[in-house]
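Engineer: Please see the structure below; I have some questions.
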Amino acid sequence: MYIAIFSIVQWTFVGGICSLAWCDLKTNMLVNSGSISQERPWHMMRPRSDSEYSETPLRVFGTEEAEEAEAEADSHKGLRRCNNGRLIVIISAVFLGLIIVVGSIIGFLQFTDIFEVKTEQKETHPDSHGIVYNCTAVPLKIYFPSGDQVHCGNELSKANASTAPNVTFPAAEPSTGYLLVMLDPDAPSRQEPTRAPVRHWLVGNIIGSEFHVGSFGNASVTISPYRGPGPPNGTGLHRYGFFAFAQPTPTLAFDPLNISLITNFDVVGFLEHYGIGSVASSNYFTSQF
């Protein structure tokens, strides 16, 4: 539809230009013949209407006078057609410009949508086991005792991330309970994550007011103790994601987990079992052997 409208306006514009070119040629011919004045070109003249000729009949006494009067009438009719052609060119040029602008905006928006869809597809790769490893609008703030900070996929050494970090969630609701999860979705490698995800840390019942400062109070419970990154040699970069989930109640009675069995952790099943919903905040880093 858009292409059809563009084609119609485009050819109307081209037709108007051709009409003006013909009018210019015709005007030059009339000037050379003396039918109109050279001092007032066609676009400066006001052509007479047919009614002006009918209301003021010509009084012609000879053949030569009649021919001159007829030539004058024809020249003014031609000027009217030229003026109409000029109006068509102006209108079609305006519409052509609007169509180009609108088309550019539509194209840009479509390109933006495609880019966003591709980005989203990349982030929700199946190896994430139902969780997207990224930084949310308000990410978790994570500081290790080594001084390193986690920031949207930056690389940290295994040694500098070997001890549990301080994790804060500035946007946490003060009276809400939260679950903190740390996972590795790339075990033993990102190309073949047959043992993923690996459970590296689980802390529940973190009260929002305590989450603001990263000081987990007595109500919090460590469901699975912290384990630092340990990517095997030759497996490349591993992602280590931290996720905060809002619990349905401030405190939950979490069942004990086998802390020696941390691979192939069913994180989705765990969340569903306790009625825990979507991610409230996240952040992640990468590490390799």
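Residue numbering restarts at 1 in every chain; chains get A, B, ... in the order shown in the structure tokens, and ligands count up from 1 in that same order.
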Do you know which residues are at most 8 Å from range 130-138 of chain A counting only C-alpha atoms, after dropping those on the same chain fewer than 6 positions away, and could you put them as a PyMOL selection string?
Structural biologist: chain A and resi 123-124+152-153+170-171+239+241+268+281-284
Engineer: Using only C-alpha atoms, determine which residues lie at most 10 Å from range 270-272 of chain A, disregarding the query and same-chain residues fewer than 6 positions distant; provide the list as a ChimeraX atom specification.
Structural biologist: /A:179,245,247,254,278
Engineer: One decimal, Å: what's the distance from CA of Gly236 in chain A over to CA of Val167 in chain A, could you say?
Structural biologist: 25.9 Å
Engineer: Given only C-alpha atoms as the basis, pick out the residue of A:Trp201, A:Tyr274, A:Phe144, A:Phe265 nearest to Thr251 in chain A.
Structural biologist: A:Tyr274
Engineer: As an exercise, work out the distance from CA of Gln149 in chain A to CA of Arg199 in chain A in Å and give it to one decimal place.
Structural biologist: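 CA of Gln149 in chain A sits 20.6 Å away from CA of Arg199 in chain A.
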Engineer: Report, in Å to a single decimal, how far apart CA of Val221 in chain A and CA of Asn166 in chain A are.
Structural biologist: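 For CA of Asn166 in chain A relative to CA of Val221 in chain A, the distance reads 15.6 Å.
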Engineer: Quick one: residues within 6 Å of range 185-191 of chain A, only C-alpha atoms counted, chain neighbours fewer than 4 positions away excluded, as a PDB file with N, CA, C and O atoms, in the first residue's frame?
Structural biologist:
```pdb
ATOM      1  N   SER A 128      19.900 -20.939  29.461  1.00  0.00           N
ATOM      2  CA  SER A 128      19.687 -20.175  30.694  1.00  0.00           C
ATOM      3  C   SER A 128      18.709 -20.869  31.640  1.00  0.00           C
ATOM      4  O   SER A 128      18.474 -20.397  32.738  1.00  0.00           O
ATOM      5  N   ARG A 195      25.736 -30.258  32.583  1.00  0.00           N
ATOM      6  CA  ARG A 195      25.626 -30.335  34.042  1.00  0.00           C
ATOM      7  C   ARG A 195      25.071 -29.036  34.631  1.00  0.00           C
ATOM      8  O   ARG A 195      25.133 -28.825  35.846  1.00  0.00           O
ATOM      9  N   ALA A 196      24.579 -28.205  33.783  1.00  0.00           N
ATOM     10  CA  ALA A 196      24.072 -26.907  34.219  1.00  0.00           C
ATOM     11  C   ALA A 196      22.586 -26.984  34.563  1.00  0.00           C
ATOM     12  O   ALA A 196      21.871 -27.876  34.083  1.00  0.00           O
ATOM     13  N   PRO A 197      22.129 -26.021  35.370  1.00  0.00           N
ATOM     14  CA  PRO A 197      22.946 -25.018  36.061  1.00  0.00           C
ATOM     15  C   PRO A 197      23.559 -25.567  37.355  1.00  0.00           C
ATOM     16  O   PRO A 197      23.004 -26.469  37.975  1.00  0.00           O
ATOM     17  N   THR A 235      37.491 -24.739  29.148  1.00  0.00           N
ATOM     18  CA  THR A 235      36.044 -24.591  28.893  1.00  0.00           C
ATOM     19  C   THR A 235      35.631 -23.146  28.655  1.00  0.00           C
ATOM     20  O   THR A 235      34.442 -22.864  28.505  1.00  0.00           O
ATOM     21  N   HIS A 238      32.793 -18.776  31.873  1.00  0.00           N
ATOM     22  CA  HIS A 238      31.529 -19.195  32.463  1.00  0.00           C
ATOM     23  C   HIS A 238      30.826 -17.957  33.005  1.00  0.00           C
ATOM     24  O   HIS A 238      31.467 -17.031  33.501  1.00  0.00           O
TER      25      HIS A 238
END
```
Engineer: Extract, using only C-alpha atoms, all DNA, RNA and protein residues at most 8 Å from His200 in chain A, discarding same-chain residues fewer than 4 positions from it, and format them as a list in words.
Structural biologist: Val181, Met182, Leu183, Asp184, Ser224, Pro225, Tyr226, Arg227, Gly228, Pro229 and Ile262 of chain A
Engineer: Write out the residues from the selection above, keeping C-alpha atoms, as a short mmCIF file (atom, residue, chain, number, x, y, z; two decimals), in the first residue's frame.
Structural biologist:
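Writing the result to again13.cif gives the following:
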```cif
data_model
loop_
_atom_site.label_atom_id
_atom_site.label_comp_id
_atom_site.auth_asym_id
_atom_site.auth_seq_id
_atom_site.Cartn_x
_atom_site.Cartn_y
_atom_site.Cartn_z
CA VAL A 181 20.32 -17.22 44.01
CA MET A 182 23.73 -17.64 42.35
CA LEU A 183 24.00 -19.99 39.35
CA ASP A 184 26.45 -21.10 36.67
CA SER A 224 23.03 -23.68 50.07
CA PRO A 225 26.43 -22.22 51.16
CA TYR A 226 28.53 -20.06 48.87
CA ARG A 227 30.86 -21.78 46.42
CA GLY A 228 33.24 -19.66 44.36
CA PRO A 229 33.65 -20.09 40.61
CA ILE A 262 24.97 -28.82 43.18
#
```
Engineer: Considering only C-alpha atoms, state which residue in the set A:Asn264, A:Ser175, A:Asn160, A:Asn258 is at the smallest distance from Thr194 in chain A.
Structural biologist: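 So, comparing all the options, the nearest one is A:Asn264.
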Engineer: How would you write, as an mmCIF file with all heavy atoms, in the first residue's frame, the set of residues in range 159-275 of chain A that DSSP gives as strand (DSSP E)?
Structural biologist:
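result22.cif was written with the following content:
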```cif
data_model
loop_
_atom_site.group_PDB
_atom_site.id
_atom_site.type_symbol
_atom_site.label_atom_id
_atom_site.label_comp_id
_atom_site.auth_asym_id
_atom_site.auth_seq_id
_atom_site.Cartn_x
_atom_site.Cartn_y
_atom_site.Cartn_z
ATOM 1 N N ASN A 166 29.445 -9.166 49.302
ATOM 2 C CA ASN A 166 28.373 -8.370 49.898
ATOM 3 C C ASN A 166 27.401 -8.004 48.780
ATOM 4 O O ASN A 166 27.803 -7.421 47.773
ATOM 5 C CB ASN A 166 28.942 -7.112 50.548
ATOM 6 C CG ASN A 166 27.862 -6.200 51.102
ATOM 7 O OD1 ASN A 166 27.379 -5.320 50.409
ATOM 8 N ND2 ASN A 166 27.493 -6.417 52.363
ATOM 9 N N VAL A 167 26.143 -8.361 48.943
ATOM 10 C CA VAL A 167 25.128 -8.141 47.908
ATOM 11 C C VAL A 167 24.049 -7.221 48.450
ATOM 12 O O VAL A 167 23.472 -7.497 49.522
ATOM 13 C CB VAL A 167 24.499 -9.466 47.437
ATOM 14 C CG1 VAL A 167 23.489 -9.209 46.313
ATOM 15 C CG2 VAL A 167 25.571 -10.440 46.974
ATOM 16 N N THR A 168 23.758 -6.153 47.724
ATOM 17 C CA THR A 168 22.692 -5.234 48.120
ATOM 18 C C THR A 168 21.712 -5.037 46.975
ATOM 19 O O THR A 168 22.081 -5.115 45.803
ATOM 20 C CB THR A 168 23.253 -3.855 48.544
ATOM 21 O OG1 THR A 168 23.895 -3.244 47.416
ATOM 22 C CG2 THR A 168 24.254 -4.004 49.666
ATOM 23 N N GLY A 177 10.193 -10.246 51.847
ATOM 24 C CA GLY A 177 11.250 -11.234 51.955
ATOM 25 C C GLY A 177 11.785 -11.590 50.578
ATOM 26 O O GLY A 177 11.035 -11.653 49.592
ATOM 27 N N TYR A 178 13.089 -11.827 50.473
ATOM 28 C CA TYR A 178 13.718 -12.105 49.181
ATOM 29 C C TYR A 178 14.555 -13.376 49.242
ATOM 30 O O TYR A 178 15.082 -13.758 50.299
ATOM 31 C CB TYR A 178 14.608 -10.939 48.759
ATOM 32 C CG TYR A 178 13.825 -9.700 48.361
ATOM 33 C CD1 TYR A 178 13.474 -8.745 49.314
ATOM 34 C CD2 TYR A 178 13.430 -9.491 47.039
ATOM 35 C CE1 TYR A 178 12.759 -7.612 48.961
ATOM 36 C CE2 TYR A 178 12.711 -8.363 46.671
ATOM 37 C CZ TYR A 178 12.376 -7.428 47.637
ATOM 38 O OH TYR A 178 11.661 -6.317 47.287
ATOM 39 N N LEU A 179 14.670 -13.996 48.061
ATOM 40 C CA LEU A 179 15.534 -15.153 47.873
ATOM 41 C C LEU A 179 16.681 -14.740 46.966
ATOM 42 O O LEU A 179 16.466 -14.177 45.894
ATOM 43 C CB LEU A 179 14.754 -16.306 47.230
ATOM 44 C CG LEU A 179 15.582 -17.515 46.781
ATOM 45 C CD1 LEU A 179 16.081 -18.301 47.992
ATOM 46 C CD2 LEU A 179 14.752 -18.422 45.864
ATOM 47 N N LEU A 180 17.915 -15.014 47.400
ATOM 48 C CA LEU A 180 19.102 -14.712 46.601
ATOM 49 C C LEU A 180 19.651 -16.013 46.031
ATOM 50 O O LEU A 180 19.882 -16.981 46.769
ATOM 51 C CB LEU A 180 20.161 -14.018 47.464
ATOM 52 C CG LEU A 180 21.513 -13.727 46.780
ATOM 53 C CD1 LEU A 180 21.343 -12.744 45.619
ATOM 54 C CD2 LEU A 180 22.523 -13.191 47.802
ATOM 55 N N VAL A 181 19.851 -16.026 44.711
ATOM 56 C CA VAL A 181 20.319 -17.225 44.015
ATOM 57 C C VAL A 181 21.547 -16.875 43.185
ATOM 58 O O VAL A 181 21.582 -15.840 42.520
ATOM 59 C CB VAL A 181 19.218 -17.787 43.085
ATOM 60 C CG1 VAL A 181 19.701 -19.037 42.377
ATOM 61 C CG2 VAL A 181 17.946 -18.064 43.859
ATOM 62 N N MET A 182 22.561 -17.779 43.220
ATOM 63 C CA MET A 182 23.734 -17.644 42.348
ATOM 64 C C MET A 182 23.874 -18.945 41.563
ATOM 65 O O MET A 182 23.913 -20.037 42.152
ATOM 66 C CB MET A 182 24.999 -17.373 43.167
ATOM 67 C CG MET A 182 26.262 -17.298 42.314
ATOM 68 S SD MET A 182 27.744 -17.059 43.342
ATOM 69 C CE MET A 182 29.045 -17.236 42.132
ATOM 70 N N LEU A 183 23.968 -18.816 40.219
ATOM 71 C CA LEU A 183 24.002 -19.990 39.347
ATOM 72 C C LEU A 183 25.074 -19.858 38.276
ATOM 73 O O LEU A 183 25.418 -18.747 37.855
ATOM 74 C CB LEU A 183 22.642 -20.173 38.648
ATOM 75 C CG LEU A 183 21.401 -20.374 39.517
ATOM 76 C CD1 LEU A 183 20.151 -20.319 38.653
ATOM 77 C CD2 LEU A 183 21.486 -21.696 40.262
ATOM 78 N N ASP A 184 25.558 -21.014 37.828
ATOM 79 C CA ASP A 184 26.452 -21.098 36.666
ATOM 80 C C ASP A 184 25.725 -21.911 35.596
ATOM 81 O O ASP A 184 25.520 -23.127 35.775
ATOM 82 C CB ASP A 184 27.764 -21.780 37.058
ATOM 83 C CG ASP A 184 28.658 -22.091 35.849
ATOM 84 O OD1 ASP A 184 28.331 -21.634 34.724
ATOM 85 O OD2 ASP A 184 29.673 -22.791 36.031
ATOM 86 N N VAL A 198 24.671 -24.978 37.721
ATOM 87 C CA VAL A 198 25.320 -25.330 38.976
ATOM 88 C C VAL A 198 24.868 -24.337 40.044
ATOM 89 O O VAL A 198 24.894 -23.128 39.825
ATOM 90 C CB VAL A 198 26.858 -25.308 38.835
ATOM 91 C CG1 VAL A 198 27.509 -25.589 40.183
ATOM 92 C CG2 VAL A 198 27.310 -26.326 37.795
ATOM 93 N N ARG A 199 24.444 -24.859 41.186
ATOM 94 C CA ARG A 199 23.979 -24.020 42.291
ATOM 95 C C ARG A 199 25.188 -23.581 43.114
ATOM 96 O O ARG A 199 25.866 -24.397 43.741
ATOM 97 C CB ARG A 199 22.995 -24.810 43.153
ATOM 98 C CG ARG A 199 22.336 -23.997 44.260
ATOM 99 C CD ARG A 199 21.417 -24.868 45.101
ATOM 100 N NE ARG A 199 22.127 -25.806 45.937
ATOM 101 C CZ ARG A 199 22.057 -27.145 45.818
ATOM 102 N NH1 ARG A 199 21.301 -27.697 44.880
ATOM 103 N NH2 ARG A 199 22.749 -27.935 46.636
ATOM 104 N N HIS A 200 25.444 -22.267 43.132
ATOM 105 C CA HIS A 200 26.600 -21.746 43.853
ATOM 106 C C HIS A 200 26.225 -21.076 45.172
ATOM 107 O O HIS A 200 27.090 -20.914 46.040
ATOM 108 C CB HIS A 200 27.366 -20.748 42.971
ATOM 109 C CG HIS A 200 28.290 -21.411 42.004
ATOM 110 N ND1 HIS A 200 29.635 -21.602 42.247
ATOM 111 C CD2 HIS A 200 28.055 -21.955 40.782
ATOM 112 C CE1 HIS A 200 30.207 -22.207 41.216
ATOM 113 N NE2 HIS A 200 29.260 -22.436 40.311
ATOM 114 N N TRP A 201 24.949 -20.644 45.298
ATOM 115 C CA TRP A 201 24.570 -19.949 46.531
ATOM 116 C C TRP A 201 23.062 -19.821 46.576
ATOM 117 O O TRP A 201 22.410 -19.497 45.581
ATOM 118 C CB TRP A 201 25.216 -18.562 46.557
ATOM 119 C CG TRP A 201 25.352 -17.917 47.906
ATOM 120 C CD1 TRP A 201 25.238 -18.513 49.134
ATOM 121 C CD2 TRP A 201 25.648 -16.539 48.149
ATOM 122 N NE1 TRP A 201 25.448 -17.605 50.128
ATOM 123 C CE2 TRP A 201 25.712 -16.374 49.562
ATOM 124 C CE3 TRP A 201 25.875 -15.434 47.337
ATOM 125 C CZ2 TRP A 201 25.974 -15.144 50.155
ATOM 126 C CZ3 TRP A 201 26.149 -14.215 47.933
ATOM 127 C CH2 TRP A 201 26.207 -14.067 49.319
ATOM 128 N N LEU A 202 22.477 -20.058 47.749
ATOM 129 C CA LEU A 202 21.040 -19.863 47.968
ATOM 130 C C LEU A 202 20.839 -19.302 49.365
ATOM 131 O O LEU A 202 21.219 -19.944 50.360
ATOM 132 C CB LEU A 202 20.270 -21.185 47.850
ATOM 133 C CG LEU A 202 19.800 -21.663 46.468
ATOM 134 C CD1 LEU A 202 18.996 -22.953 46.636
ATOM 135 C CD2 LEU A 202 18.970 -20.619 45.773
ATOM 136 N N VAL A 203 20.257 -18.128 49.444
ATOM 137 C CA VAL A 203 19.938 -17.521 50.737
ATOM 138 C C VAL A 203 18.490 -17.032 50.679
ATOM 139 O O VAL A 203 18.127 -16.270 49.774
ATOM 140 C CB VAL A 203 20.871 -16.342 51.072
ATOM 141 C CG1 VAL A 203 20.517 -15.771 52.446
ATOM 142 C CG2 VAL A 203 22.322 -16.776 51.029
ATOM 143 N N GLY A 204 17.672 -17.479 51.610
ATOM 144 C CA GLY A 204 16.268 -17.087 51.638
ATOM 145 C C GLY A 204 15.914 -16.227 52.831
ATOM 146 O O GLY A 204 16.725 -16.013 53.743
ATOM 147 N N ASN A 205 14.690 -15.692 52.806
ATOM 148 C CA ASN A 205 14.141 -14.890 53.907
ATOM 149 C C ASN A 205 14.980 -13.650 54.208
ATOM 150 O O ASN A 205 15.144 -13.262 55.379
ATOM 151 C CB ASN A 205 14.003 -15.747 55.180
ATOM 152 C CG ASN A 205 13.034 -16.905 54.990
ATOM 153 O OD1 ASN A 205 12.209 -16.904 54.074
ATOM 154 N ND2 ASN A 205 13.137 -17.910 55.848
ATOM 155 N N ILE A 206 15.515 -13.029 53.151
ATOM 156 C CA ILE A 206 16.253 -11.775 53.333
ATOM 157 C C ILE A 206 15.240 -10.637 53.359
ATOM 158 O O ILE A 206 14.543 -10.384 52.363
ATOM 159 C CB ILE A 206 17.269 -11.550 52.193
ATOM 160 C CG1 ILE A 206 18.208 -12.748 52.073
ATOM 161 C CG2 ILE A 206 18.051 -10.263 52.421
ATOM 162 C CD1 ILE A 206 19.106 -12.683 50.845
ATOM 163 N N ILE A 207 15.115 -9.958 54.471
ATOM 164 C CA ILE A 207 14.163 -8.855 54.591
ATOM 165 C C ILE A 207 14.674 -7.665 53.778
ATOM 166 O O ILE A 207 15.868 -7.342 53.796
ATOM 167 C CB ILE A 207 13.962 -8.470 56.059
ATOM 168 C CG1 ILE A 207 13.503 -9.701 56.859
ATOM 169 C CG2 ILE A 207 12.924 -7.344 56.180
ATOM 170 C CD1 ILE A 207 12.237 -10.348 56.328
ATOM 171 N N VAL A 221 18.092 -17.347 55.974
ATOM 172 C CA VAL A 221 18.532 -18.730 56.079
ATOM 173 C C VAL A 221 19.381 -19.078 54.858
ATOM 174 O O VAL A 221 18.985 -18.809 53.726
ATOM 175 C CB VAL A 221 17.331 -19.691 56.203
ATOM 176 C CG1 VAL A 221 16.333 -19.482 55.074
ATOM 177 C CG2 VAL A 221 17.785 -21.140 56.254
ATOM 178 N N THR A 222 20.562 -19.667 55.132
ATOM 179 C CA THR A 222 21.428 -20.109 54.036
ATOM 180 C C THR A 222 21.001 -21.514 53.640
ATOM 181 O O THR A 222 21.239 -22.495 54.364
ATOM 182 C CB THR A 222 22.908 -20.108 54.458
ATOM 183 O OG1 THR A 222 23.279 -18.772 54.833
ATOM 184 C CG2 THR A 222 23.789 -20.569 53.319
ATOM 185 N N ILE A 223 20.359 -21.610 52.485
ATOM 186 C CA ILE A 223 19.847 -22.900 52.005
ATOM 187 C C ILE A 223 20.972 -23.710 51.380
ATOM 188 O O ILE A 223 21.024 -24.932 51.508
ATOM 189 C CB ILE A 223 18.716 -22.658 50.979
ATOM 190 C CG1 ILE A 223 17.666 -21.717 51.567
ATOM 191 C CG2 ILE A 223 18.077 -23.964 50.543
ATOM 192 C CD1 ILE A 223 16.721 -21.138 50.537
ATOM 193 N N SER A 224 21.881 -23.030 50.692
ATOM 194 C CA SER A 224 23.033 -23.681 50.073
ATOM 195 C C SER A 224 24.213 -22.727 50.214
ATOM 196 O O SER A 224 24.135 -21.581 49.761
ATOM 197 C CB SER A 224 22.750 -23.980 48.599
ATOM 198 O OG SER A 224 23.807 -24.694 47.998
ATOM 199 N N HIS A 238 32.793 -18.776 31.873
ATOM 200 C CA HIS A 238 31.529 -19.195 32.463
ATOM 201 C C HIS A 238 30.826 -17.957 33.005
ATOM 202 O O HIS A 238 31.467 -17.031 33.501
ATOM 203 C CB HIS A 238 31.766 -20.176 33.616
ATOM 204 C CG HIS A 238 32.143 -21.550 33.180
ATOM 205 N ND1 HIS A 238 31.544 -22.691 33.677
ATOM 206 C CD2 HIS A 238 33.061 -21.974 32.281
ATOM 207 C CE1 HIS A 238 32.084 -23.753 33.124
ATOM 208 N NE2 HIS A 238 33.025 -23.339 32.268
ATOM 209 N N ARG A 239 29.501 -17.945 32.904
ATOM 210 C CA ARG A 239 28.714 -16.867 33.506
ATOM 211 C C ARG A 239 28.287 -17.268 34.917
ATOM 212 O O ARG A 239 27.926 -18.423 35.154
ATOM 213 C CB ARG A 239 27.476 -16.588 32.657
ATOM 214 C CG ARG A 239 27.748 -15.954 31.308
ATOM 215 C CD ARG A 239 26.523 -16.024 30.414
ATOM 216 N NE ARG A 239 26.205 -17.411 30.071
ATOM 217 C CZ ARG A 239 25.068 -17.791 29.469
ATOM 218 N NH1 ARG A 239 24.158 -16.889 29.173
ATOM 219 N NH2 ARG A 239 24.870 -19.065 29.188
ATOM 220 N N TYR A 240 28.309 -16.298 35.799
ATOM 221 C CA TYR A 240 27.866 -16.514 37.180
ATOM 222 C C TYR A 240 26.843 -15.436 37.505
ATOM 223 O O TYR A 240 27.185 -14.261 37.660
ATOM 224 C CB TYR A 240 29.054 -16.484 38.143
ATOM 225 C CG TYR A 240 30.019 -17.630 37.896
ATOM 226 C CD1 TYR A 240 31.059 -17.481 36.984
ATOM 227 C CD2 TYR A 240 29.842 -18.866 38.522
ATOM 228 C CE1 TYR A 240 31.925 -18.532 36.721
ATOM 229 C CE2 TYR A 240 30.707 -19.923 38.261
ATOM 230 C CZ TYR A 240 31.738 -19.756 37.355
ATOM 231 O OH TYR A 240 32.586 -20.810 37.086
ATOM 232 N N GLY A 241 25.585 -15.860 37.554
ATOM 233 C CA GLY A 241 24.496 -14.909 37.730
ATOM 234 C C GLY A 241 23.984 -14.856 39.155
ATOM 235 O O GLY A 241 23.850 -15.888 39.824
ATOM 236 N N PHE A 242 23.702 -13.638 39.612
ATOM 237 C CA PHE A 242 23.080 -13.402 40.913
ATOM 238 C C PHE A 242 21.663 -12.896 40.664
ATOM 239 O O PHE A 242 21.468 -11.943 39.893
ATOM 240 C CB PHE A 242 23.861 -12.358 41.714
ATOM 241 C CG PHE A 242 25.243 -12.801 42.130
ATOM 242 C CD1 PHE A 242 26.298 -12.764 41.239
ATOM 243 C CD2 PHE A 242 25.473 -13.258 43.420
ATOM 244 C CE1 PHE A 242 27.572 -13.160 41.620
ATOM 245 C CE2 PHE A 242 26.740 -13.664 43.817
ATOM 246 C CZ PHE A 242 27.798 -13.614 42.919
ATOM 247 N N PHE A 243 20.693 -13.486 41.357
ATOM 248 C CA PHE A 243 19.290 -13.137 41.132
ATOM 249 C C PHE A 243 18.572 -12.947 42.471
ATOM 250 O O PHE A 243 18.738 -13.754 43.395
ATOM 251 C CB PHE A 243 18.577 -14.233 40.333
ATOM 252 C CG PHE A 243 19.271 -14.600 39.057
ATOM 253 C CD1 PHE A 243 20.189 -15.656 39.040
ATOM 254 C CD2 PHE A 243 19.038 -13.894 37.893
ATOM 255 C CE1 PHE A 243 20.848 -15.995 37.870
ATOM 256 C CE2 PHE A 243 19.692 -14.232 36.719
ATOM 257 C CZ PHE A 243 20.608 -15.272 36.719
ATOM 258 N N ALA A 244 17.778 -11.896 42.537
ATOM 259 C CA ALA A 244 16.939 -11.649 43.712
ATOM 260 C C ALA A 244 15.480 -11.879 43.312
ATOM 261 O O ALA A 244 15.002 -11.299 42.329
ATOM 262 C CB ALA A 244 17.133 -10.237 44.230
ATOM 263 N N PHE A 245 14.802 -12.724 44.075
ATOM 264 C CA PHE A 245 13.381 -13.019 43.841
ATOM 265 C C PHE A 245 12.575 -12.579 45.063
ATOM 266 O O PHE A 245 12.986 -12.834 46.205
ATOM 267 C CB PHE A 245 13.154 -14.518 43.626
ATOM 268 C CG PHE A 245 13.840 -15.094 42.422
ATOM 269 C CD1 PHE A 245 15.147 -15.544 42.508
ATOM 270 C CD2 PHE A 245 13.180 -15.199 41.207
ATOM 271 C CE1 PHE A 245 15.787 -16.096 41.413
ATOM 272 C CE2 PHE A 245 13.801 -15.745 40.097
ATOM 273 C CZ PHE A 245 15.111 -16.193 40.202
ATOM 274 N N ALA A 246 11.441 -11.944 44.813
ATOM 275 C CA ALA A 246 10.538 -11.595 45.910
ATOM 276 C C ALA A 246 9.747 -12.824 46.331
ATOM 277 O O ALA A 246 9.147 -13.512 45.496
ATOM 278 C CB ALA A 246 9.600 -10.474 45.481
#
```
Engineer: From a DSSP pass on the backbone, collect the residues of range 85-280 of chain A flagged as helix (DSSP H, G or I) and hand them back as a ChimeraX atom specification.
Structural biologist: /A:85-123,126-128,159-161,208-211,267-273
Engineer: Point out the residue among A:Ile100, A:Ala164, A:Ala253, A:Ile276 with the least atom-to-atom distance to Asp148 in chain A, counting only C-alpha atoms.
Structural biologist: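 Among the listed residues, the smallest separation from Asp148 in chain A belongs to A:Ala164.
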